[in-house]
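Shown below: my_file.cif, with mmCIF, C-alpha atoms and all ligand atoms.
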data_upload
#
loop_
_atom_site.label_atom_id
_atom_site.label_comp_id
_atom_site.auth_asym_id
_atom_site.auth_seq_id
_atom_site.Cartn_x
_atom_site.Cartn_y
_atom_site.Cartn_z
CA MET A 1 -76.83 28.47 -1.27
CA THR A 2 -74.67 25.53 -0.29
CA THR A 3 -74.56 24.36 -3.89
CA LEU A 4 -73.51 27.77 -5.13
CA SER A 5 -70.70 27.92 -2.61
CA PHE A 6 -69.53 24.48 -3.68
CA GLY A 7 -69.74 25.61 -7.30
CA SER A 8 -67.76 28.76 -6.64
CA PHE A 9 -65.12 26.77 -4.81
CA LEU A 10 -64.81 24.38 -7.71
CA SER A 11 -64.70 27.29 -10.15
CA ARG A 12 -61.69 28.70 -8.33
CA LEU A 13 -60.16 25.24 -8.23
CA CYS A 14 -60.82 24.95 -11.97
CA SER A 15 -58.99 28.13 -12.76
CA ARG A 16 -56.03 26.95 -10.71
CA VAL A 17 -55.73 23.51 -12.22
CA GLU A 18 -56.56 24.79 -15.69
CA THR A 19 -53.06 25.84 -16.56
CA ALA A 20 -51.43 22.83 -14.93
CA PHE A 21 -53.53 20.08 -16.51
CA LEU A 22 -54.51 21.25 -19.94
CA PRO A 23 -52.45 19.26 -22.40
CA LEU A 24 -55.68 18.03 -23.96
CA VAL A 25 -57.72 19.30 -26.81
CA LEU A 26 -61.28 19.16 -25.61
CA CYS A 27 -64.17 18.63 -27.99
CA LEU A 28 -67.51 20.32 -27.54
CA PHE A 29 -70.49 19.30 -29.65
CA ASN A 30 -73.44 21.69 -29.75
CA THR A 31 -76.65 21.19 -31.68
CA PHE A 32 -79.50 23.63 -32.25
CA GLY A 33 -82.86 23.52 -33.97
CA GLN A 34 -83.70 19.89 -33.28
CA HIS A 35 -87.36 20.87 -33.11
CA GLY A 36 -88.74 22.87 -36.02
CA ARG A 37 -90.71 25.50 -34.08
CA GLU A 38 -87.78 26.49 -31.85
CA LEU A 39 -86.34 28.98 -34.31
CA ILE A 40 -84.62 31.11 -31.67
CA THR A 41 -82.14 28.31 -30.98
CA SER A 42 -80.69 28.49 -34.49
CA GLU A 43 -80.46 32.27 -34.18
CA VAL A 44 -78.26 31.75 -31.12
CA ALA A 45 -76.15 29.25 -33.06
CA LEU A 46 -75.56 31.66 -35.94
CA ARG A 47 -74.61 34.51 -33.61
CA LEU A 48 -72.31 32.20 -31.67
CA ILE A 49 -70.58 31.07 -34.85
CA SER A 50 -70.16 34.66 -36.03
CA MET A 51 -68.57 35.53 -32.70
CA LEU A 52 -66.26 32.52 -32.66
CA THR A 53 -65.09 33.31 -36.18
CA GLY A 54 -64.45 36.93 -35.32
CA GLU A 55 -67.16 38.36 -37.56
CA ARG A 56 -68.93 39.92 -34.62
CA THR A 57 -67.89 40.94 -31.17
CA MET A 58 -69.82 40.75 -27.97
CA PRO A 59 -70.13 43.77 -25.67
CA GLY A 60 -67.77 43.34 -22.74
CA ALA A 61 -66.04 40.27 -24.15
CA ASP A 62 -62.25 40.11 -23.73
CA LEU A 63 -60.99 38.95 -27.14
CA ASN A 64 -57.53 38.03 -25.88
CA LEU A 65 -59.04 35.89 -23.14
CA LEU A 66 -61.47 34.37 -25.63
CA ASN A 67 -58.66 33.42 -28.00
CA SER A 68 -56.54 31.98 -25.20
CA PHE A 69 -59.13 29.44 -24.14
CA LEU A 70 -60.27 28.68 -27.68
CA ASP A 71 -56.73 27.43 -28.40
CA ASN A 72 -57.47 24.25 -26.44
CA LEU A 73 -60.94 23.57 -27.79
CA VAL A 74 -62.48 22.01 -30.85
CA ILE A 75 -66.06 23.20 -31.13
CA LYS A 76 -68.50 21.55 -33.50
CA VAL A 77 -71.82 23.30 -34.07
CA VAL A 78 -74.87 21.99 -35.89
CA PRO A 79 -76.89 25.22 -36.21
CA MET A 80 -80.08 23.62 -37.55
CA GLU A 81 -80.54 19.90 -37.04
CA ASN A 82 -84.12 19.75 -38.32
CA LEU A 83 -84.05 21.63 -41.62
CA ASN A 84 -87.26 20.16 -43.05
CA GLY A 85 -89.21 20.77 -39.84
CA CYS A 86 -88.01 24.35 -39.87
CA LYS A 87 -89.24 24.73 -43.46
CA LEU A 88 -92.71 23.61 -42.36
CA VAL A 89 -92.70 26.21 -39.57
CA GLU A 90 -91.57 28.92 -41.94
CA ALA A 91 -94.43 27.91 -44.25
CA GLY A 92 -96.89 28.68 -41.44
CA GLU A 93 -97.14 25.46 -39.39
CA TYR A 94 -95.92 27.20 -36.24
CA CYS A 95 -96.63 24.28 -33.88
CA GLU A 96 -94.59 21.72 -35.82
CA ARG A 97 -91.70 20.30 -33.84
CA ARG A 98 -91.12 17.08 -35.78
CA ASN A 99 -89.03 16.54 -38.90
CA GLY A 100 -90.40 16.53 -42.47
CA ARG A 101 -91.50 12.90 -42.02
CA GLY A 102 -93.49 13.58 -38.87
CA VAL A 103 -90.96 12.12 -36.42
CA ASP A 104 -89.70 13.77 -33.23
CA LEU A 105 -85.91 13.80 -33.59
CA ASN A 106 -85.51 13.87 -29.81
CA ARG A 107 -87.39 10.58 -29.41
CA ASN A 108 -85.64 8.68 -32.21
CA TRP A 109 -82.48 7.58 -30.31
CA SER A 110 -81.94 4.11 -28.94
CA VAL A 111 -81.86 4.63 -25.16
CA ASP A 112 -85.27 3.54 -23.89
CA TRP A 113 -86.66 4.10 -27.38
CA GLY A 114 -90.35 3.77 -28.12
CA LYS A 115 -91.70 3.72 -24.57
CA LYS A 116 -94.93 5.72 -24.38
CA GLU A 117 -96.29 7.52 -21.35
CA LYS A 118 -100.04 7.75 -20.63
CA ASP A 119 -100.24 11.25 -22.10
CA TYR A 120 -98.37 10.24 -25.28
CA ASP A 121 -99.28 12.50 -28.20
CA PRO A 122 -98.03 11.33 -31.61
CA TYR A 123 -98.24 14.86 -32.94
CA GLU A 124 -95.61 15.85 -30.39
CA GLU A 125 -93.52 12.77 -29.69
CA ASN A 126 -93.74 10.29 -32.58
CA PRO A 127 -90.52 8.25 -32.06
CA GLY A 128 -90.41 6.85 -35.62
CA THR A 129 -90.54 3.25 -36.81
CA GLY A 130 -87.40 2.30 -34.87
CA PRO A 131 -84.29 3.79 -33.27
CA PHE A 132 -82.40 5.90 -35.81
CA SER A 133 -85.11 5.53 -38.44
CA GLU A 134 -84.59 9.17 -39.41
CA PRO A 135 -81.73 10.51 -41.58
CA GLU A 136 -81.15 13.47 -39.27
CA THR A 137 -80.63 11.19 -36.28
CA GLN A 138 -78.34 8.91 -38.27
CA ILE A 139 -76.17 11.87 -39.26
CA MET A 140 -76.02 13.13 -35.70
CA ARG A 141 -75.07 9.67 -34.43
CA LYS A 142 -72.20 9.45 -36.94
CA LEU A 143 -71.02 12.91 -36.03
CA SER A 144 -71.05 12.08 -32.34
CA GLN A 145 -69.12 8.83 -32.89
CA SER A 146 -66.48 10.42 -35.10
CA PHE A 147 -66.09 13.54 -32.97
CA ASP A 148 -66.35 11.70 -29.63
CA PRO A 149 -67.00 14.90 -27.66
CA HIS A 150 -66.25 15.66 -24.04
CA VAL A 151 -69.20 18.03 -23.79
CA TRP A 152 -72.58 17.77 -25.53
CA VAL A 153 -75.22 20.50 -25.49
CA ASN A 154 -78.62 20.06 -27.12
CA VAL A 155 -80.34 23.45 -27.31
CA HIS A 156 -84.12 23.84 -27.21
CA SER A 157 -86.76 26.44 -26.37
CA GLY A 158 -90.18 26.35 -24.73
CA MET A 159 -89.00 26.98 -21.18
CA GLU A 160 -85.95 28.11 -19.25
CA ALA A 161 -84.05 25.12 -17.94
CA LEU A 162 -80.63 23.51 -17.75
CA PHE A 163 -80.94 19.75 -17.85
CA MET A 164 -78.52 16.88 -17.39
CA PRO A 165 -79.28 13.15 -17.78
CA TYR A 166 -81.56 11.38 -17.42
CA ASP A 167 -84.58 12.24 -19.55
CA HIS A 168 -86.15 8.78 -19.40
CA LYS A 169 -86.08 8.51 -15.60
CA ASN A 170 -86.36 11.04 -12.83
CA VAL A 171 -82.86 10.68 -11.39
CA THR A 172 -79.39 11.96 -12.23
CA PRO A 173 -76.39 9.65 -12.76
CA ASP A 174 -74.24 8.67 -9.79
CA GLY A 175 -70.70 9.80 -9.09
CA LEU A 176 -68.46 12.83 -9.03
CA ILE A 177 -68.99 13.78 -12.66
CA SER A 178 -72.71 14.11 -11.99
CA HIS A 179 -71.98 16.52 -9.12
CA LEU A 180 -69.62 18.50 -11.36
CA MET A 181 -72.26 18.72 -14.08
CA ARG A 182 -74.78 19.96 -11.57
CA SER A 183 -72.32 22.58 -10.24
CA LEU A 184 -71.56 23.78 -13.76
CA LEU A 185 -75.29 24.15 -14.44
CA ASP A 186 -75.80 25.99 -11.14
CA ASP A 187 -73.10 28.45 -12.18
CA LEU A 188 -74.71 28.99 -15.58
CA ASN A 189 -78.10 29.41 -13.93
CA TYR A 190 -76.71 32.02 -11.54
CA HIS A 191 -74.84 34.03 -14.17
CA HIS A 192 -77.09 33.67 -17.21
CA CYS A 193 -80.57 32.73 -16.02
CA GLN A 194 -80.75 34.78 -12.80
CA ASN A 195 -81.60 31.50 -11.06
CA ARG A 196 -84.87 31.27 -13.00
CA CYS A 197 -83.89 28.10 -14.84
CA LEU A 198 -84.97 24.69 -13.70
CA VAL A 199 -81.82 22.66 -13.02
CA GLY A 200 -81.54 18.89 -12.73
CA SER A 201 -82.37 15.76 -14.65
CA GLY A 202 -84.70 16.29 -17.58
CA GLY A 203 -86.99 13.50 -16.40
CA GLY A 204 -87.05 14.76 -12.83
CA SER A 205 -87.55 18.45 -13.57
CA VAL A 206 -89.65 18.95 -16.66
CA GLY A 207 -92.73 17.14 -15.39
CA TYR A 208 -92.70 14.21 -17.81
CA LEU A 209 -90.34 11.44 -18.85
CA ALA A 210 -88.89 11.52 -22.36
CA HIS A 211 -87.76 8.29 -24.02
CA GLY A 212 -85.23 7.91 -26.82
CA THR A 213 -83.59 11.32 -26.38
CA SER A 214 -80.23 12.38 -27.75
CA THR A 215 -78.80 13.58 -24.43
CA ASP A 216 -79.47 10.20 -22.77
CA TYR A 217 -77.79 8.50 -25.76
CA MET A 218 -74.75 10.79 -25.50
CA HIS A 219 -74.44 9.97 -21.82
CA ASP A 220 -75.16 6.25 -21.87
CA ILE A 221 -73.78 5.12 -25.23
CA VAL A 222 -71.25 7.68 -26.49
CA LYS A 223 -70.07 8.15 -22.87
CA VAL A 224 -69.81 11.91 -23.19
CA PRO A 225 -68.57 13.03 -19.76
CA MET A 226 -70.81 16.09 -19.70
CA ALA A 227 -74.10 15.89 -21.62
CA PHE A 228 -76.66 18.69 -21.32
CA THR A 229 -79.94 19.97 -22.67
CA PHE A 230 -80.41 23.74 -22.50
CA GLU A 231 -83.89 25.26 -22.75
CA ILE A 232 -83.15 28.89 -23.48
CA TYR A 233 -86.50 30.66 -23.79
CA GLY A 234 -90.21 30.20 -23.20
CA ASP A 235 -93.27 32.36 -22.81
CA SER A 236 -95.64 30.54 -20.46
CA SER A 237 -98.18 33.37 -20.76
CA ALA A 238 -98.64 32.77 -24.48
CA SER A 239 -101.79 31.06 -25.72
CA SER A 240 -101.34 27.34 -26.35
CA LYS A 241 -102.51 28.07 -29.90
CA ASP A 242 -99.78 30.66 -30.42
CA CYS A 243 -96.83 28.33 -30.80
CA PHE A 244 -94.56 30.93 -32.30
CA LYS A 245 -94.90 33.09 -29.17
CA MET A 246 -94.58 30.11 -26.84
CA PHE A 247 -91.20 29.15 -28.26
CA ASN A 248 -89.72 32.37 -29.68
CA PRO A 249 -89.34 36.01 -28.65
CA VAL A 250 -91.63 38.29 -30.66
CA ASP A 251 -90.04 41.67 -30.00
CA GLU A 252 -86.61 42.83 -31.02
CA ALA A 253 -85.36 43.74 -27.53
CA THR A 254 -86.17 40.29 -26.12
CA PHE A 255 -84.78 38.62 -29.24
CA ASN A 256 -81.42 40.39 -28.83
CA ARG A 257 -81.34 39.87 -25.07
CA VAL A 258 -81.89 36.11 -25.40
CA ILE A 259 -79.28 35.76 -28.11
CA GLU A 260 -76.61 37.79 -26.34
CA ASN A 261 -77.28 36.17 -22.98
CA TRP A 262 -77.02 32.62 -24.27
CA CYS A 263 -74.00 33.35 -26.43
CA ALA A 264 -72.36 34.65 -23.26
CA ALA A 265 -73.44 31.46 -21.47
CA PHE A 266 -71.77 29.34 -24.15
CA LEU A 267 -68.58 31.39 -23.89
CA MET A 268 -68.64 30.76 -20.15
CA LEU A 269 -69.10 27.06 -20.79
CA PHE A 270 -66.21 27.06 -23.26
CA GLN A 271 -64.03 28.94 -20.81
CA THR A 272 -64.78 26.99 -17.64
CA GLY A 273 -65.66 23.61 -19.14
CA PRO A 274 -62.03 22.44 -19.48
CA GLY A 275 -61.43 23.18 -15.80
CA TRP A 276 -64.47 21.17 -14.73
CA LEU A 277 -63.40 18.31 -16.96
CA ASP A 278 -59.90 18.38 -15.58
CA ILE A 279 -61.24 17.90 -12.09
CA ALA A 280 -63.19 14.91 -13.35
CA ARG A 281 -60.14 13.61 -15.18
CA GLN A 282 -58.01 13.80 -12.06
CA ALA A 283 -60.68 12.03 -10.06
CA THR A 284 -61.11 9.23 -12.61
CA PHE A 285 -57.47 8.82 -13.48
CA ASN A 286 -57.76 5.05 -13.64
CA ASP A 287 -60.11 5.38 -16.62
CA LEU A 288 -58.13 7.29 -19.22
CA SER A 289 -60.09 6.18 -22.24
CA LYS A 290 -62.11 9.40 -22.47
CA TRP A 291 -59.30 11.75 -21.60
CA VAL A 292 -56.70 11.12 -24.28
CA SER A 293 -55.80 13.89 -26.67
CA ILE A 294 -57.72 14.23 -29.89
CA ASP A 295 -54.76 12.91 -31.92
CA ALA A 296 -54.35 9.78 -29.84
CA ASN A 297 -58.09 9.36 -29.99
CA ALA A 298 -58.01 9.36 -33.76
CA VAL A 299 -55.27 6.72 -33.77
CA ASP A 300 -57.36 4.61 -31.42
CA ARG A 301 -60.23 4.88 -33.85
CA ILE A 302 -58.12 3.79 -36.81
CA GLU A 303 -57.02 0.71 -34.89
CA GLY A 304 -60.57 0.09 -33.77
CA SER A 305 -61.98 0.24 -37.27
CA SER A 306 -59.30 -2.06 -38.71
CA LYS A 307 -60.31 -4.61 -36.09
CA GLY A 308 -63.92 -4.34 -37.07
CA GLY A 309 -64.75 -1.92 -34.27
CA LYS A 310 -68.11 -0.41 -33.59
CA LEU A 311 -67.78 2.61 -35.86
CA GLU A 312 -70.40 2.62 -38.53
CA GLY A 313 -70.24 4.20 -41.99
CA LEU A 314 -67.85 6.92 -42.94
CA ASP A 315 -66.08 8.48 -40.03
CA LEU A 316 -65.76 12.15 -40.85
CA GLY A 317 -63.01 12.70 -38.29
CA MET A 318 -60.95 9.89 -39.76
CA GLN A 319 -61.50 11.23 -43.24
CA GLU A 320 -60.04 14.57 -42.19
CA LEU A 321 -57.11 12.86 -40.49
CA ARG A 322 -56.39 10.72 -43.54
CA THR A 323 -56.57 13.75 -45.82
CA TYR A 324 -54.05 15.65 -43.68
CA PHE A 325 -51.79 12.61 -43.51
CA ARG A 326 -51.88 12.16 -47.28
CA LEU A 327 -51.15 15.84 -47.84
CA PHE A 328 -48.25 15.61 -45.41
CA MET A 329 -46.81 12.53 -47.16
CA LEU A 330 -47.29 14.09 -50.60
CA SER A 331 -45.58 17.32 -49.60
CA SER A 332 -42.71 15.35 -47.99
CA VAL A 333 -42.17 13.34 -51.17
CA LEU A 334 -42.23 16.49 -53.30
CA ILE A 335 -39.69 18.22 -51.07
CA MET A 336 -37.41 15.18 -51.16
CA PHE A 337 -37.76 14.96 -54.94
CA MET A 338 -36.89 18.65 -55.37
CA PHE A 339 -33.94 18.28 -53.01
CA CYS A 340 -32.58 15.21 -54.83
CA SER A 341 -33.03 16.72 -58.28
CA ARG A 342 -31.20 19.83 -57.10
CA ILE A 343 -28.26 17.73 -55.92
CA SER A 344 -28.13 15.73 -59.12
CA LYS A 345 -28.27 18.90 -61.24
CA SER A 346 -25.47 20.52 -59.31
CA LYS A 347 -23.34 17.41 -59.85
CA CYS A 348 -23.99 17.00 -63.61
CA ARG A 349 -24.29 20.54 -64.80
CA PRO A 350 -21.76 23.37 -64.83
CA SER A 351 -22.38 26.14 -62.40
CA MET A 352 -24.70 28.98 -63.40
CA SER A 353 -21.89 31.48 -63.61
CA SER A 354 -20.31 29.59 -66.51
CA ILE A 355 -23.47 29.55 -68.68
CA PRO A 356 -23.39 32.29 -71.32
CA ILE A 357 -26.35 34.58 -71.40
ZN ZN B 401 -87.50 21.17 -28.20
#

Could you write out this structure as C-alpha cells?
Amino acid sequence: MTTLSFGSFLSRLCSRVETAFLPLVLCLFNTFGQHGRELITSEVALRLISMLTGERTMPGADLNLLNSFLDNLVIKVVPMENLNGCKLVEAGEYCERRNGRGVDLNRNWSVDWGKKEKDYDPYEENPGTGPFSEPETQIMRKLSQSFDPHVWVNVHSGMEALFMPYDHKNVTPDGLISHLMRSLLDDLNYHHCQNRCLVGSGGGSVGYLAHGTSTDYMHDIVKVPMAFTFEIYGDSSASSKDCFKMFNPVDEATFNRVIENWCAAFLMLFQTGPGWLDIARQATFNDLSKWVSIDANAVDRIEGSSKGGKLEGLDLGMQELRTYFRLFMLSSVLIMFMFCSRISKSKCRPSMSSIPI
C-alpha cells in the first residue's frame, strides 16, 4: 500500500515535470519471442506494431494523446528474436525454448555467463560455447549498442511477473533509479496485472538464479537506465507435458484479453516512461552521459568510433545518420547548382519574352 502511494505520487510528479523537462528523444527497445515456445509474446508485438502504425485502434485509446507522447519517443521492436526456435515449435516441438542450434538465447550474454546452478538442465538453459556464441545474441548486442536505449523490455511467457535486474543474484540494484523502476512496475502491476504479477528482481522472485541474461547485460554493460523483463502469461494448471498450454492461451477470449491488456500496458509504459526517466535525470544531473538527445548521442558515437571506441561491427544507427547526412549534402549541392545555373542563364540569355515561338 505504501509503495502504491509512493508510485501514485511519483506518477503525478511525472505528469507535472513531463512538459517542463522533455527536450529529449527517448529510446525504448522492446524484444519479443526470445524463447521459441512463447508464441504469445510475438502476437503481442505484432498487435502493438499495428497499433503504433495506426493500422489498428485499441478500444478506449485516445489517439490524440497517443500521438502527443509518441512525438518524443523512438521505439524499436524486435517482434521475434528466436526465429529458428519458433520454427521448431511450429513444427510440433512445443517445449523448445532454445534457438535452432540448441542454445538458450537468454543465457548467452556475458554478465555472469556460463555459471550453472545445481538444477541446471541443458535442455532448458544451454548457455552456448561462450558469451555471444549465437548469431541472434550478436545481432541483439549490436542493436542495443547502436540504439543505446533508455528503456529495455524483454518479453516472455510462462508466468505473470514484472522483473527488474538482477537475474543472476537475488537483489535489485542500489539507488534512486532502482526505486523508480520498482514504482513503475508496481503501477503496471496494479493497472494491468490486477496485482497478480510477481514484482522485483528476476533472481529474487522467480525462484532460481539465471546467468548470462540479456536484461542483466542491458543494465550492467549497456547502462540502460530502466531494464525490465515482462512475463505476460502462464497457465500453472497445465500439465508439464503440455508446453503449448503452459506458455500460451488456448482459447480465443483469453488470447485477445492477453494481447489487448499487454498492448495497453506498453502504451502506459510509453506514456509514463519519459516522466519517470526525467525524475531520474534530474536526480542524476551530474551524470549526463545517458541523458543527451539522440542527435548528440549519435555525434558522440561518431567521435567514439573514430578514436577506436568500443563499438563493434556496423552500427546501424550511424549508418542511418550517415545516409541522412549524405542525402542532405547531395540535395544542398543540387539546389545550389540549380540556383547558380539559373543566375548564369539569366545573365547570358535574352529574356523569355524575346524568344520567338
Ligand atoms: Zn522465456

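Contacts with ligand ZN 401 (chain B) are defined as any residue atom within 8 Å of a ligand atom, using all atoms listed in the file; the residues meeting this criterion are Gly33, Gln34, His35, Arg37, Glu38, Arg97, Asn106, Val155, His156, Ser157, Gly158 and Glu231 of chain A.
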
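Counting all atoms listed in the file, the residue from A:Ser42, A:Gln194, A:Ser50, A:Asn67 that sits nearest to Ala265 (chain A) is A:Gln194.
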
Contacts of region 3-120 of chain A with region 222-226 of chain A up to 12 Å, shortest pair per row, all atoms listed in the file, as CSV:
residue,atom,partner,partner_atom,distance
A:Leu26,CA,A:Pro225,CA,11.2
A:Cys27,CA,A:Val224,CA,10.0
A:Leu28,CA,A:Met226,CA,9.5
A:Phe29,CA,A:Val224,CA,9.8
A:Asn30,CA,A:Met226,CA,11.8
A:Trp109,CA,A:Val222,CA,11.9
A:Ser110,CA,A:Val222,CA,11.5
A:Val111,CA,A:Val222,CA,11.1

> Interatomic distance between CA of Gly273 (chain A) and CA of Ala227 (chain A)?
Replying inline: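 Pair CA of Gly273 (chain A) / CA of Ala227 (chain A) returns 11.7 Å.
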
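The space between CA of Asn195 (chain A) and CA of Trp262 (chain A) spans 14.0 Å.
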
> CA of Phe147 (chain A) to CA of Asp216 (chain A): how many Å, to one decimal?
Replying inline: 17.2 Å

Quick one: residues within 8 Å of Asp104 (chain A), all atoms listed in the file counted, chain neighbours fewer than 3 positions away excluded, as a PDB file with C-alpha atoms, in the frame of the given file?
ATOM      1  CA  HIS A  35     -87.360  20.870 -33.110  1.00  0.00           C
ATOM      2  CA  ARG A  97     -91.700  20.300 -33.840  1.00  0.00           C
ATOM      3  CA  ARG A  98     -91.120  17.080 -35.780  1.00  0.00           C
ATOM      4  CA  ASN A  99     -89.030  16.540 -38.900  1.00  0.00           C
ATOM      5  CA  ARG A 107     -87.390  10.580 -29.410  1.00  0.00           C
ATOM      6  CA  ASN A 108     -85.640   8.680 -32.210  1.00  0.00           C
ATOM      7  CA  GLU A 124     -95.610  15.850 -30.390  1.00  0.00           C
ATOM      8  CA  GLU A 125     -93.520  12.770 -29.690  1.00  0.00           C
ATOM      9  CA  ASN A 126     -93.740  10.290 -32.580  1.00  0.00           C
ATOM     10  CA  PRO A 127     -90.520   8.250 -32.060  1.00  0.00           C
ATOM     11  CA  GLY A 128     -90.410   6.850 -35.620  1.00  0.00           C
TER      12      GLY A 128
END

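Closest to Leu184 (chain A) among A:Leu209, A:Leu48, A:Val258, A:Met268 is A:Met268, based on all atoms listed in the file.
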
> Taking all atoms listed in the file into account, which of A:Ile75, A:Ile139, A:Val206, A:Ala91 comes nearest Phe163 (chain A)?
Replying inline: A:Val206

> Looking at all atoms listed in the file, which of A:Ile232, A:Leu83, A:Phe270, A:Asn261 is the one that sits closest to Thr41 (chain A)?
Replying inline: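 So, comparing all the options, the nearest one is A:Ile232.
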
> Which residues come within 8 Å of region 165-172 of chain A, counting all atoms listed in the file, excluding same-chain residues fewer than 6 positions away, as a ChimeraX atom specification?
Replying inline: /A:112,178,200-205,209-213,215-216,219,227-228
